[in-house]
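Report on one structure; see the data block that follows.
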Amino acid sequence: MKLINDLIESGRENNSSVKDVRVGISWTGVTGRYGGVSKTYGIPVVHGNYTRDMGNLTSRTTLELAEYVRSWNLVEASIGVAAINSLMKPRGKKDINAQDIIIEESKNKNVTMVGKFPKIAEIKSVAKKLWVLESDPTLLNPKEGIITESAAESVFPGSDIIVITGSALINKGLEHYLNLAKQEDAYTIIMGPSTPLSDVLFDYGANMLAGVEILDPEAILKKISQSGGMINTRVCQGEIGFRVLEG
C-alpha cells in the first residue's frame, strides 16, 4: 500500500479535528480543515461488519480517519478516502469538466476507462475504440464495450488515453491500474469526486487529476445523508466545483 502511505503523508500538514462525517448510500463525506468526499463502497453491509468506532468518528483527527483507507471493510475504506481528500488543499484550474476534455481528446483514439462515467456515449461516438471496465456486474454490457475490471491487462495495451476512477483507491485497485498504465504510452487521467488532488499521483504516473472542491461542506454533507445519487454541480450548485490539475 505504498501509494496509500504516500497520499496520507502528503496531507499530514493539514491534519485537523474532524468536524463531521456522513456515510450515505452513494457518497461519503468528511469535513476537517477542508471538505472531502468519496464514493461509498461496501453497501449493503454484511451483518456484523460494523464501522470501527461508529458514533465516535468526530472525536478523531482527519489523519486518524485517513488510516481507514487501509481497511478491507469498504465502508471504512470509503471514510478513509473522504478523510484523505479533506486533507488536500483545493488546487488546479477551476470549473473545468474533465469529461469535456476527454471527449475532445478522444477523437480517433483508443480510450480505456476504469469506471462507467457519464457521457460514455459521447466519448464512444468520437473514439476509435472505447473500453469501459466495471466492478459492478449489473453494469456489464460487452456489446457496448462495458466489461469486467479484470480485463485491464488485456485492454490497457494500445490505449492512447486511460481514465481511472478515483474511487479505485477505496478497493485498493488504483496503484495496480497506475502501474499497468505506466507500461503504455498513454495519457492517464484520474477522475471523479473521490480523486485526491495530490502531486503524489503524478509520481505514480498520472498526467491529470480531475477532482472536486467542496465549497459548502455543511450543505454537501446534508445532501449525502438525506439522499442517494450523484454528487455534481447541477444538484449541488454553488456547493461543489470541479478542479483540474495537470502534472
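Chain identifiers are assigned as A, B, and so on, following the order in which chains appear in the C-alpha cells; residues are numbered from 1 within each chain, and ligands are numbered from 1 in order of appearance.
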Next item on the list: For Glu144 in chain A, work out the shell of residues within 9 Å, counting only C-alpha atoms and skipping chain neighbours fewer than 4 positions away, then give it as a PyMOL selection string.
Entry: chain A and resi 130-132+140
Check: Where in range 80-131 of chain A does DSSP assign alpha helix (DSSP H), given as a ChimeraX atom specification?
Finding: /A:80-86,98-105,120-126
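Shell of range 99-105 of chain A at 7 Å, with only C-alpha atoms counted and residues fewer than 2 places along the chain excluded, is Asn97, Lys107, Glu122 and Ile123 of chain A.
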Next, write the just-selected residues to a file, as a JSON list (two decimals), in the first residue's frame, keeping N, CA and C atoms as the atom set.
```json
[["chain", "number", "residue", "atom", "x", "y", "z"],
["A", 97, "ASN", "N", -14.73, 20.85, -16.66],
["A", 97, "ASN", "CA", -15.25, 19.48, -16.62],
["A", 97, "ASN", "C", -14.32, 18.60, -17.45],
["A", 107, "LYS", "N", -10.88, 11.88, -30.02],
["A", 107, "LYS", "CA", -11.20, 11.71, -31.44],
["A", 107, "LYS", "C", -10.18, 10.79, -32.11],
["A", 122, "GLU", "N", -21.04, 9.86, -25.67],
["A", 122, "GLU", "CA", -20.38, 10.93, -26.43],
["A", 122, "GLU", "C", -18.93, 10.59, -26.72],
["A", 123, "ILE", "N", -18.26, 9.99, -25.74],
["A", 123, "ILE", "CA", -16.87, 9.58, -25.96],
["A", 123, "ILE", "C", -16.81, 8.48, -27.01]]
```
Margin query: For Val244 in chain A, find every residue with an atom within 6 Å (counting only C-alpha atoms), except residues of its own chain fewer than 6 positions away, and show them as a list of chain:residue names.
Written below: A:Gly92, A:Lys93, A:Leu209, A:Ala210
Next item on the list: Give the answer as one residue: which of A:Leu245, A:Val37, A:Val81, A:Ile190 has the shortest atom-to-atom distance to Lys223 in chain A, using only C-alpha atoms?
Entry: A:Val37
Could you list, with a cut-off of 8 Å and counting only C-alpha atoms, the residues of range 81-136 of chain A near range 149-163 of chain A, each shown with its nearest atom pair and the distance in Å rounded to one decimal, rows sorted by chain and ascending number, as a tab-separated table?
```
residue	atom	partner	partner_atom	distance
A:Ser106	CA	A:Ile161	CA	7.4
A:Lys109	CA	A:Asp160	CA	5.9
A:Asn110	CA	A:Ser159	CA	4.9
A:Val111	CA	A:Ile161	CA	4.9
A:Thr112	CA	A:Ile162	CA	4.9
A:Met113	CA	A:Val163	CA	4.6
A:Val114	CA	A:Val163	CA	6.1
A:Trp131	CA	A:Val155	CA	7.3
A:Leu133	CA	A:Glu149	CA	4.5
A:Glu134	CA	A:Glu149	CA	5.0
A:Ser135	CA	A:Glu149	CA	5.5
```
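Closest approach to Thr62 in chain A from the set A:Leu201, A:Ile147, A:Leu87, A:Leu139 is made by A:Leu87, with distances taken over only C-alpha atoms.
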